[in-house]
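Student: Here you go, this is final21.txt (compact mmCIF, C-alpha atoms).
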# COMPACT_ATOMS: atom_id res chain seq x y z
CA MET R 1 14.54 -0.97 15.15
CA ILE R 2 11.87 -3.45 14.31
CA PRO R 3 11.94 -5.99 17.15
CA CYS R 4 12.42 -9.61 16.12
CA THR R 5 9.01 -10.33 17.67
CA ASP R 6 7.47 -8.17 14.90
CA PHE R 7 9.44 -9.79 12.10
CA ILE R 8 6.69 -12.14 10.92
CA PRO R 9 4.22 -9.34 10.10
CA ALA R 10 7.12 -7.49 8.42
CA TYR R 11 7.92 -10.60 6.39
CA SER R 12 4.29 -11.08 5.34
CA GLU R 13 4.03 -7.42 4.36
CA LEU R 14 7.22 -7.72 2.31
CA PHE R 15 5.68 -10.57 0.31
CA LYS R 16 2.62 -8.40 -0.33
CA TYR R 17 4.78 -5.46 -1.33
CA LEU R 18 6.80 -7.53 -3.77
CA GLU R 19 3.72 -9.10 -5.34
CA GLN R 20 2.21 -5.64 -5.84
CA THR R 21 5.49 -4.52 -7.41
CA GLY R 22 6.49 -7.48 -9.55
CA GLY R 23 3.90 -10.24 -9.25
CA LYS R 24 4.28 -13.69 -7.70
CA GLN R 25 7.58 -14.20 -9.51
CA ALA R 26 9.08 -11.37 -7.48
CA VAL R 27 8.06 -13.13 -4.26
CA THR R 28 9.48 -16.43 -5.47
CA ARG R 29 12.80 -14.78 -6.30
CA LEU R 30 13.03 -13.34 -2.79
CA TRP R 31 12.34 -16.78 -1.28
CA GLU R 32 15.07 -18.31 -3.46
CA PHE R 33 17.47 -15.62 -2.32
CA LEU R 34 16.63 -16.22 1.35
CA ALA R 35 17.05 -19.98 0.94
CA ASP R 36 20.50 -19.36 -0.53
CA THR R 37 21.59 -16.87 2.13
CA TYR R 38 19.55 -17.02 5.34
CA LEU R 39 19.46 -20.81 5.68
CA ASP R 40 23.21 -21.40 5.74
CA ASP R 41 22.84 -22.84 9.25
CA LEU R 42 20.49 -25.58 8.11
CA ARG R 43 22.62 -26.29 5.03
CA GLY R 44 25.79 -26.57 7.11
CA LEU R 45 24.23 -28.74 9.83
CA VAL R 46 22.73 -31.24 7.36
CA ALA R 47 25.93 -31.33 5.31
CA GLU R 48 27.90 -32.12 8.48
CA HIS R 49 25.48 -34.31 10.47
CA GLY R 50 23.15 -35.76 7.86
CA ILE R 51 19.48 -36.07 8.82
CA ARG R 52 20.40 -35.24 12.45
CA GLY R 53 21.23 -31.76 11.17
CA CYS R 54 17.49 -31.20 10.71
CA TRP R 55 16.93 -32.07 14.37
CA LEU R 56 19.72 -29.72 15.44
CA TYR R 57 18.42 -26.86 13.31
CA TRP R 58 14.72 -27.13 14.14
CA THR R 59 15.09 -27.82 17.87
CA ARG R 60 16.72 -24.41 18.22
CA ALA R 61 14.49 -22.53 15.77
CA LEU R 62 11.16 -23.95 16.95
CA ASN R 63 11.96 -23.48 20.63
CA GLU R 64 13.08 -19.89 20.07
CA GLU R 65 9.92 -19.28 18.05
CA ALA R 66 7.82 -20.73 20.89
CA ALA R 67 6.10 -23.09 18.50
CA ASP R 68 3.61 -25.76 19.57
CA PHE R 69 5.13 -28.82 17.92
CA THR R 70 6.30 -32.42 17.96
CA ILE R 71 9.47 -33.37 16.10
CA GLU R 72 10.81 -36.86 15.55
CA LEU R 73 14.19 -38.05 14.36
CA ASP R 74 14.80 -41.60 13.16
CA GLU R 75 18.42 -41.73 12.06
CA GLU R 76 18.29 -45.40 11.04
CA ALA R 77 15.40 -44.73 8.72
CA GLY R 78 16.98 -41.45 7.64
CA GLU R 79 13.82 -39.56 8.49
CA PHE R 80 12.88 -36.38 10.33
CA ARG R 81 9.31 -35.19 10.94
CA ILE R 82 7.70 -32.01 12.18
CA GLU R 83 4.11 -31.98 13.33
CA MET R 84 3.26 -28.34 13.78
CA HIS R 85 0.28 -28.19 16.10
CA ARG R 86 0.26 -24.40 16.09
CA CYS R 87 2.65 -22.44 13.89
CA PRO R 88 3.65 -19.27 15.77
CA SER R 89 4.13 -17.32 12.53
CA LYS R 90 0.86 -18.18 10.83
CA GLY R 91 -0.90 -18.06 14.18
CA MET R 92 0.34 -14.53 14.76
CA LEU R 93 -0.76 -13.43 11.28
CA ILE R 94 -4.23 -14.93 11.71
CA GLU R 95 -4.65 -13.10 15.01
CA CYS R 96 -3.09 -9.81 13.89
CA PRO R 97 -5.81 -7.16 14.13
CA GLY R 98 -6.36 -5.08 11.01
CA MET R 99 -3.68 -6.81 8.98
CA GLU R 100 -4.33 -9.28 6.18
CA PRO R 101 -1.63 -11.96 5.91
CA TYR R 102 -0.05 -12.57 2.53
CA PRO R 103 -2.42 -15.21 1.09
CA ASP R 104 0.35 -17.65 0.12
CA TYR R 105 2.43 -16.97 3.21
CA CYS R 106 2.94 -20.65 4.11
CA LEU R 107 4.31 -21.54 0.69
CA HIS R 108 7.64 -19.98 1.63
CA CYS R 109 8.25 -22.94 3.96
CA ASP R 110 7.89 -25.27 1.00
CA LEU R 111 10.26 -23.42 -1.29
CA LEU R 112 12.95 -22.37 1.18
CA TYR R 113 13.60 -25.70 2.89
CA ARG R 114 13.15 -27.78 -0.26
CA ARG R 115 15.75 -25.63 -2.01
CA VAL R 116 18.24 -26.31 0.78
CA LEU R 117 17.54 -30.00 1.42
CA GLU R 118 17.00 -31.51 -2.03
CA PRO R 119 20.49 -30.70 -3.34
CA LEU R 120 21.86 -32.37 -0.20
CA GLY R 121 20.11 -35.63 -1.10
CA TYR R 122 16.86 -35.40 0.89
CA GLU R 123 13.21 -35.51 -0.07
CA TYR R 124 11.16 -32.77 1.50
CA THR R 125 7.39 -33.05 1.81
CA ILE R 126 5.12 -30.51 3.45
CA ASP R 127 1.39 -30.84 4.00
CA LEU R 128 -0.17 -27.39 4.07
CA SER R 129 -3.78 -28.56 3.84
CA GLN R 130 -4.51 -27.19 7.34
CA CYS R 131 -2.33 -24.12 7.15
CA ASP R 132 -5.37 -21.84 7.50
CA GLU R 133 -5.53 -23.17 11.05
CA ALA R 134 -1.77 -22.65 11.55
CA ARG R 135 -1.13 -26.41 11.34
CA CYS R 136 1.15 -28.26 8.98
CA SER R 137 3.44 -31.26 8.82
CA VAL R 138 6.84 -31.83 7.28
CA VAL R 139 8.74 -34.99 6.42
CA VAL R 140 12.41 -34.97 5.44
CA ARG R 141 13.70 -38.31 4.16
CA ARG R 142 17.03 -39.46 2.80
CA SER R 143 16.47 -39.67 -0.93
CA VAL R 144 16.48 -43.16 -2.45
CA ARG R 145 17.24 -41.76 -5.87
CA PRO R 146 20.87 -42.14 -6.98
CA MET U 1 20.00 -45.78 17.22
CA PRO U 2 16.80 -44.90 19.12
CA LYS U 3 14.23 -42.52 17.79
CA ARG U 4 14.23 -39.08 19.32
CA VAL U 5 11.01 -37.19 19.94
CA MET U 6 10.46 -33.71 21.30
CA THR U 7 7.10 -32.11 22.04
CA ARG U 8 6.71 -28.52 23.18
CA ARG U 9 3.79 -26.26 23.80
CA ALA U 10 3.96 -22.58 22.93
CA SER U 11 3.85 -21.71 26.64
CA ASP U 12 7.04 -23.73 27.30
CA ASN U 13 9.23 -21.06 25.69
CA LYS U 14 9.62 -17.32 25.40
CA TYR U 15 9.12 -16.05 21.83
CA LEU U 16 12.48 -14.58 20.91
CA HIS U 17 14.16 -15.73 17.70
CA LYS U 18 16.81 -13.09 17.15
CA ASP U 19 17.99 -14.59 13.86
CA PHE U 20 14.91 -12.89 12.40
CA HIS U 21 16.94 -9.66 12.54
CA GLY U 22 19.32 -11.31 10.09
CA ALA U 23 16.46 -12.34 7.80
CA LEU U 24 15.10 -8.80 7.78
CA SER U 25 18.52 -7.36 7.05
CA LEU U 26 19.03 -9.76 4.14
CA ALA U 27 15.59 -8.91 2.78
CA ILE U 28 16.32 -5.17 2.98
CA ASP U 29 19.62 -5.70 1.22
CA TYR U 30 17.80 -7.68 -1.48
CA LEU U 31 15.20 -4.94 -1.96
CA ASP U 32 17.89 -2.29 -2.11
CA ARG U 33 19.95 -4.12 -4.73
CA ASN U 34 17.04 -5.24 -6.89
CA TYR U 35 14.47 -2.45 -6.53
CA GLY U 36 16.39 0.54 -5.19
CA GLU U 37 16.52 2.68 -2.08
CA GLU U 38 13.04 4.09 -2.47
CA ALA U 39 11.56 0.58 -2.53
CA VAL U 40 13.11 -0.09 0.87
CA ARG U 41 11.54 3.04 2.32
CA SER U 42 8.24 2.48 0.56
CA TYR U 43 8.01 -1.09 1.88
CA LEU U 44 8.86 -0.02 5.43
CA ARG U 45 6.24 2.74 5.30
CA GLN U 46 3.62 0.27 4.08
CA PHE U 47 4.51 -2.19 6.85
CA THR U 48 4.48 0.49 9.54
CA ARG U 49 1.15 2.01 8.49
CA SER U 50 -0.41 -1.43 8.43
CA TYR U 51 1.09 -3.28 11.40
CA TYR U 52 1.51 -0.33 13.77
CA SER U 53 -1.81 1.33 12.93
CA GLU U 54 -3.05 0.95 16.52
CA LEU U 55 0.18 2.44 17.91
CA ILE U 56 -0.09 5.40 15.51
CA LYS U 57 -3.64 5.94 16.73
CA GLN U 58 -2.42 5.80 20.33
CA ILE U 59 0.34 8.36 19.63
CA ALA U 60 -2.23 10.70 18.07
CA GLU U 61 -4.59 10.27 21.03
CA ARG U 62 -2.27 9.90 24.05
CA GLY U 63 0.89 11.61 22.82
CA LEU U 64 4.51 10.54 23.06
CA ILE U 65 3.92 8.47 26.18
CA ALA U 66 2.44 5.80 23.90
CA LEU U 67 5.66 5.77 21.90
CA ALA U 68 7.79 5.72 25.06
CA GLU U 69 5.86 2.66 26.25
CA HIS U 70 6.39 1.01 22.86
CA PHE U 71 10.18 1.54 22.98
CA ARG U 72 10.45 0.46 26.61
CA GLN U 73 8.69 -2.75 25.76
CA ILE U 74 10.98 -3.40 22.77
CA TYR U 75 14.20 -3.01 24.77
CA GLU U 76 12.81 -4.97 27.69
CA ILE U 77 12.22 -7.90 25.33
CA GLU U 78 15.34 -7.52 23.21
CA GLY U 79 17.84 -6.39 25.80
CA GLY U 80 20.60 -4.03 24.65
CA SER U 81 21.26 -0.72 26.23
CA ALA U 82 18.79 2.10 25.68
CA SER U 83 17.70 5.23 27.46
CA ILE U 84 14.14 6.41 26.86
CA ARG U 85 13.39 9.83 28.33
CA LEU U 86 10.10 11.66 28.08
CA SER U 87 10.16 15.36 28.97
CA ASP U 88 8.02 16.59 31.87
CA THR U 89 5.67 18.31 29.44
CA GLY U 90 5.38 15.13 27.36
CA ASP U 91 6.27 17.10 24.23
CA GLU U 92 9.74 15.63 23.70
CA LEU U 93 10.98 12.08 23.75
CA PHE U 94 14.64 11.12 23.52
CA VAL U 95 15.62 7.59 22.59
CA GLU U 96 19.32 6.87 22.93
CA VAL U 97 20.48 3.40 22.05
CA GLU U 98 24.01 2.62 23.16
CA GLN U 99 24.03 -0.92 21.90
CA CYS U 100 21.47 -2.04 19.35
CA PRO U 101 20.41 -5.62 20.12
CA ALA U 102 19.62 -6.32 16.46
CA VAL U 103 23.01 -5.23 15.15
CA ALA U 104 24.83 -6.90 18.05
CA HIS U 105 23.07 -10.19 17.33
CA MET U 106 23.76 -10.01 13.60
CA ARG U 107 27.44 -9.29 14.22
CA ARG U 108 27.64 -12.22 16.65
CA ARG U 109 25.98 -14.59 14.19
CA GLY U 110 27.75 -13.33 11.08
CA PHE U 111 24.73 -11.96 9.20
CA LYS U 112 25.27 -9.30 6.58
CA ILE U 113 24.07 -5.94 7.82
CA ALA U 114 22.23 -4.16 5.05
CA ARG U 115 23.49 -0.77 3.91
CA LEU U 116 20.00 0.59 4.55
CA PHE U 117 19.33 -1.22 7.83
CA VAL U 118 19.18 2.27 9.37
CA GLU U 119 15.81 2.68 7.63
CA THR U 120 14.26 0.16 10.04
CA THR U 121 14.77 2.94 12.56
CA LYS U 122 14.51 6.13 10.49
CA THR U 123 11.67 5.35 8.08
CA VAL U 124 9.72 3.28 10.58
CA ASP U 125 9.87 5.94 13.31
CA GLU U 126 9.12 8.80 10.90
CA THR U 127 6.10 6.85 9.67
CA LEU U 128 4.93 6.25 13.24
CA CYS U 129 4.63 10.03 13.55
CA GLU U 130 2.65 10.53 10.34
CA GLY U 131 -0.83 11.82 11.01
CA THR U 132 0.11 12.70 14.59
CA PRO U 133 1.15 16.10 15.99
CA PHE U 134 4.73 14.83 16.34
CA GLU U 135 7.85 14.45 14.24
CA CYS U 136 10.99 12.38 14.50
CA ASP U 137 14.62 13.29 13.92
CA LEU U 138 17.33 10.69 13.77
CA LEU U 139 20.22 12.74 15.15
CA GLU U 140 22.94 10.09 15.07
CA TYR U 141 23.31 6.57 13.77
CA ASP U 142 26.35 4.35 13.72
CA PRO U 143 25.89 1.58 11.14
CA ASP U 144 28.62 -0.55 12.75
CA THR U 145 26.88 -0.85 16.12
CA GLY U 146 23.39 0.55 15.56
CA ARG U 147 24.11 3.12 18.27
CA SER U 148 21.65 5.94 17.74
CA ARG U 149 20.07 9.09 19.11
CA GLU U 150 16.54 10.07 18.20
CA ARG U 151 14.35 12.96 19.18
CA PHE U 152 10.58 12.99 18.88
CA ARG U 153 8.86 16.32 19.44
CA ARG U 154 5.77 18.28 18.67
CA SER U 155 5.87 19.13 14.99
CA ARG U 156 7.21 22.56 14.15
CA ARG U 157 4.79 22.61 11.23
CA GLY U 158 2.01 22.60 13.79
CA GLY U 159 -1.09 20.45 13.74
CA HIS U 160 -1.42 17.10 12.05
CA GLU U 161 0.43 16.30 8.88
Can the structure from this file be put into structure tokens for me?
Tutor:
Amino acid sequence: MIPCTDFIPAYSELFKYLEQTGGKQAVTRLWEFLADTYLDDLRGLVAEHGIRGCWLYWTRALNEEAADFTIELDEEAGEFRIEMHRCPSKGMLIECPGMEPYPDYCLHCDLLYRRVLEPLGYEYTIDLSQCDEARCSVVVRRSVRP
Amino acid sequence: MPKRVMTRRASDNKYLHKDFHGALSLAIDYLDRNYGEEAVRSYLRQFTRSYYSELIKQIAERGLIALAEHFRQIYEIEGGSASIRLSDTGDELFVEVEQCPAVAHMRRRGFKIARLFVETTKTVDETLCEGTPFECDLLEYDPDTGRSRERFRRSRRGGHE
């Protein structure tokens, strides 16, 4: 059994394996598949509770992942924010001795969550400009588009 | 409705997100269906050689005690029910898992358990022995519960692989 604490390196290595096998498209297809299957919790919570579903999903996930974060929910404004001060996944990969992280590792967070939230009527924005330091920020906003 | 804010430091929580077992299982199922069985094994070998390279070195240098320590640490973190017995000579290690914490969690949370989820035990543990004087046999595996019996012992082929 691979312990869940070793999943992130396994995940990163899977992206590398798929890119070696079928190029970046192969990695993208896996991410689409995971968005459609693994993130049912997030999809269900947002469908049921609206923007508060993001709060419900990420409070559990980020606490279990021992992330260093601030999250904010403003239901009136229809907005949810994550300020990731230290991403446990990217942080682990940066510190992992002898193992190169998949170079575009952080992009999976853009594709997966966008693919779940946009069809539910939310805009999803992620700033990955500091992801090399295991920092990023996310804004989810109720879409104003009809 | 007031704003809600939550701030946590990494040290506020224990790192244990068991849903990751479900993500790994889904990924293995995806690999199996789209790239075939050998791709699953090939990927797991690549991961093991890379991520567990230090453990493999330790097994080669210190013997099966290094592997026993590794398994004890896993089940201490994950829970479940496992017996890890190293023979007096240190040449045989038995790992008997009565209840696999990964499979139990996935069943509880309704994740699909991949047909080849067994390879996260079989291929990974065989690969851990590569280049060491030891070999691994998966003697029993129940895909419904993850219950398993494994034996690690000095390779009958003798010497390093």
Student: Hey, list the chain R side of the contact with chain U: 6 Å cut-off, only C-alpha atoms, answer as a PyMOL selection string.
Tutor: chain R and resi 1+4+13+64-74
Student: Please enclose the listed atoms of range 19-24 of chain U in an axis-aligned box, pad each side by 6 Å, and write out the centre and the three edge lengths in Å, rounded to one decimal, as lines of an AutoDock Vina configuration file.
Tutor:
center_x = 17.1
center_y = -11.7
center_z = 10.8
size_x = 16.4
size_y = 17.8
size_z = 18.1
Student: Tell me, as a list in words, which residues lie within 12 Å of Thr89 in chain U, counting all atoms listed in the file; anything in the same chain fewer than 3 positions away does not count.
Tutor: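 So the residues in contact are Gly63, Leu64, Ile65, Arg85, Leu86, Glu92, Leu93, Arg153 and Arg154 of chain U.
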Student: Please identify all polymer residues within 9 Å of range 132-138 of chain U, counting all atoms listed in the file, omitting same-chain residues fewer than 2 positions from it, and present them as a PyMOL selection string.
Tutor: chain U and resi 56-57+59-61+63-64+91-92+121-122+125-130+140-141+148-161
Student: Based on the selection just made, write C-alpha atoms of those residues as a PDB file, in the coordinates of the input.
Tutor:
ATOM      1  CA  ILE U  56      -0.090   5.400  15.510  1.00  0.00           C
ATOM      2  CA  LYS U  57      -3.640   5.940  16.730  1.00  0.00           C
ATOM      3  CA  ILE U  59       0.340   8.360  19.630  1.00  0.00           C
ATOM      4  CA  ALA U  60      -2.230  10.700  18.070  1.00  0.00           C
ATOM      5  CA  GLU U  61      -4.590  10.270  21.030  1.00  0.00           C
ATOM      6  CA  GLY U  63       0.890  11.610  22.820  1.00  0.00           C
ATOM      7  CA  LEU U  64       4.510  10.540  23.060  1.00  0.00           C
ATOM      8  CA  ASP U  91       6.270  17.100  24.230  1.00  0.00           C
ATOM      9  CA  GLU U  92       9.740  15.630  23.700  1.00  0.00           C
ATOM     10  CA  THR U 121      14.770   2.940  12.560  1.00  0.00           C
ATOM     11  CA  LYS U 122      14.510   6.130  10.490  1.00  0.00           C
ATOM     12  CA  ASP U 125       9.870   5.940  13.310  1.00  0.00           C
ATOM     13  CA  GLU U 126       9.120   8.800  10.900  1.00  0.00           C
ATOM     14  CA  THR U 127       6.100   6.850   9.670  1.00  0.00           C
ATOM     15  CA  LEU U 128       4.930   6.250  13.240  1.00  0.00           C
ATOM     16  CA  CYS U 129       4.630  10.030  13.550  1.00  0.00           C
ATOM     17  CA  GLU U 130       2.650  10.530  10.340  1.00  0.00           C
ATOM     18  CA  GLU U 140      22.940  10.090  15.070  1.00  0.00           C
ATOM     19  CA  TYR U 141      23.310   6.570  13.770  1.00  0.00           C
ATOM     20  CA  SER U 148      21.650   5.940  17.740  1.00  0.00           C
ATOM     21  CA  ARG U 149      20.070   9.090  19.110  1.00  0.00           C
ATOM     22  CA  GLU U 150      16.540  10.070  18.200  1.00  0.00           C
ATOM     23  CA  ARG U 151      14.350  12.960  19.180  1.00  0.00           C
ATOM     24  CA  PHE U 152      10.580  12.990  18.880  1.00  0.00           C
ATOM     25  CA  ARG U 153       8.860  16.320  19.440  1.00  0.00           C
ATOM     26  CA  ARG U 154       5.770  18.280  18.670  1.00  0.00           C
ATOM     27  CA  SER U 155       5.870  19.130  14.990  1.00  0.00           C
ATOM     28  CA  ARG U 156       7.210  22.560  14.150  1.00  0.00           C
ATOM     29  CA  ARG U 157       4.790  22.610  11.230  1.00  0.00           C
ATOM     30  CA  GLY U 158       2.010  22.600  13.790  1.00  0.00           C
ATOM     31  CA  GLY U 159      -1.090  20.450  13.740  1.00  0.00           C
ATOM     32  CA  HIS U 160      -1.420  17.100  12.050  1.00  0.00           C
ATOM     33  CA  GLU U 161       0.430  16.300   8.880  1.00  0.00           C
TER      34      GLU U 161
END
Student: Just the number, please: distance in Å from CA of Arg43 in chain R to CA of Gly78 in chain R, one decimal.
Tutor: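 Separating CA of Arg43 in chain R from CA of Gly78 in chain R is a distance of 16.4 Å.
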Student: Range 110-127 of chain R: which residues within 6 Å, counting all atoms listed in the file, same-chain residues fewer than 2 positions away excluded, as a tab-separated table (two decimals) with C-alpha atoms, in the frame of the given file?
Tutor:
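New file selection-v9.tsv:
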chain	number	residue	atom	x	y	z
R	35	ALA	CA	17.05	-19.98	0.94
R	107	LEU	CA	4.31	-21.54	0.69
R	108	HIS	CA	7.64	-19.98	1.63
R	129	SER	CA	-3.78	-28.56	3.84
R	136	CYS	CA	1.15	-28.26	8.98
R	137	SER	CA	3.44	-31.26	8.82
R	138	VAL	CA	6.84	-31.83	7.28
R	139	VAL	CA	8.74	-34.99	6.42
R	140	VAL	CA	12.41	-34.97	5.44
R	141	ARG	CA	13.70	-38.31	4.16
R	142	ARG	CA	17.03	-39.46	2.80
R	143	SER	CA	16.47	-39.67	-0.93
Student: How far is it from CA of Met84 in chain R to CA of Glu133 in chain R, in Å with one decimal?
Tutor: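 CA of Met84 in chain R sits 10.6 Å away from CA of Glu133 in chain R.
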Student: To one decimal place, how far is CA of Ser89 in chain R from CA of Phe7 in chain R in Å?
Tutor: 9.2 Å
Student: U:Val95, U:Asp88, U:Leu116, U:Ala104: which is nearest Leu139 in chain U, counting only C-alpha atoms?
Tutor: U:Val95
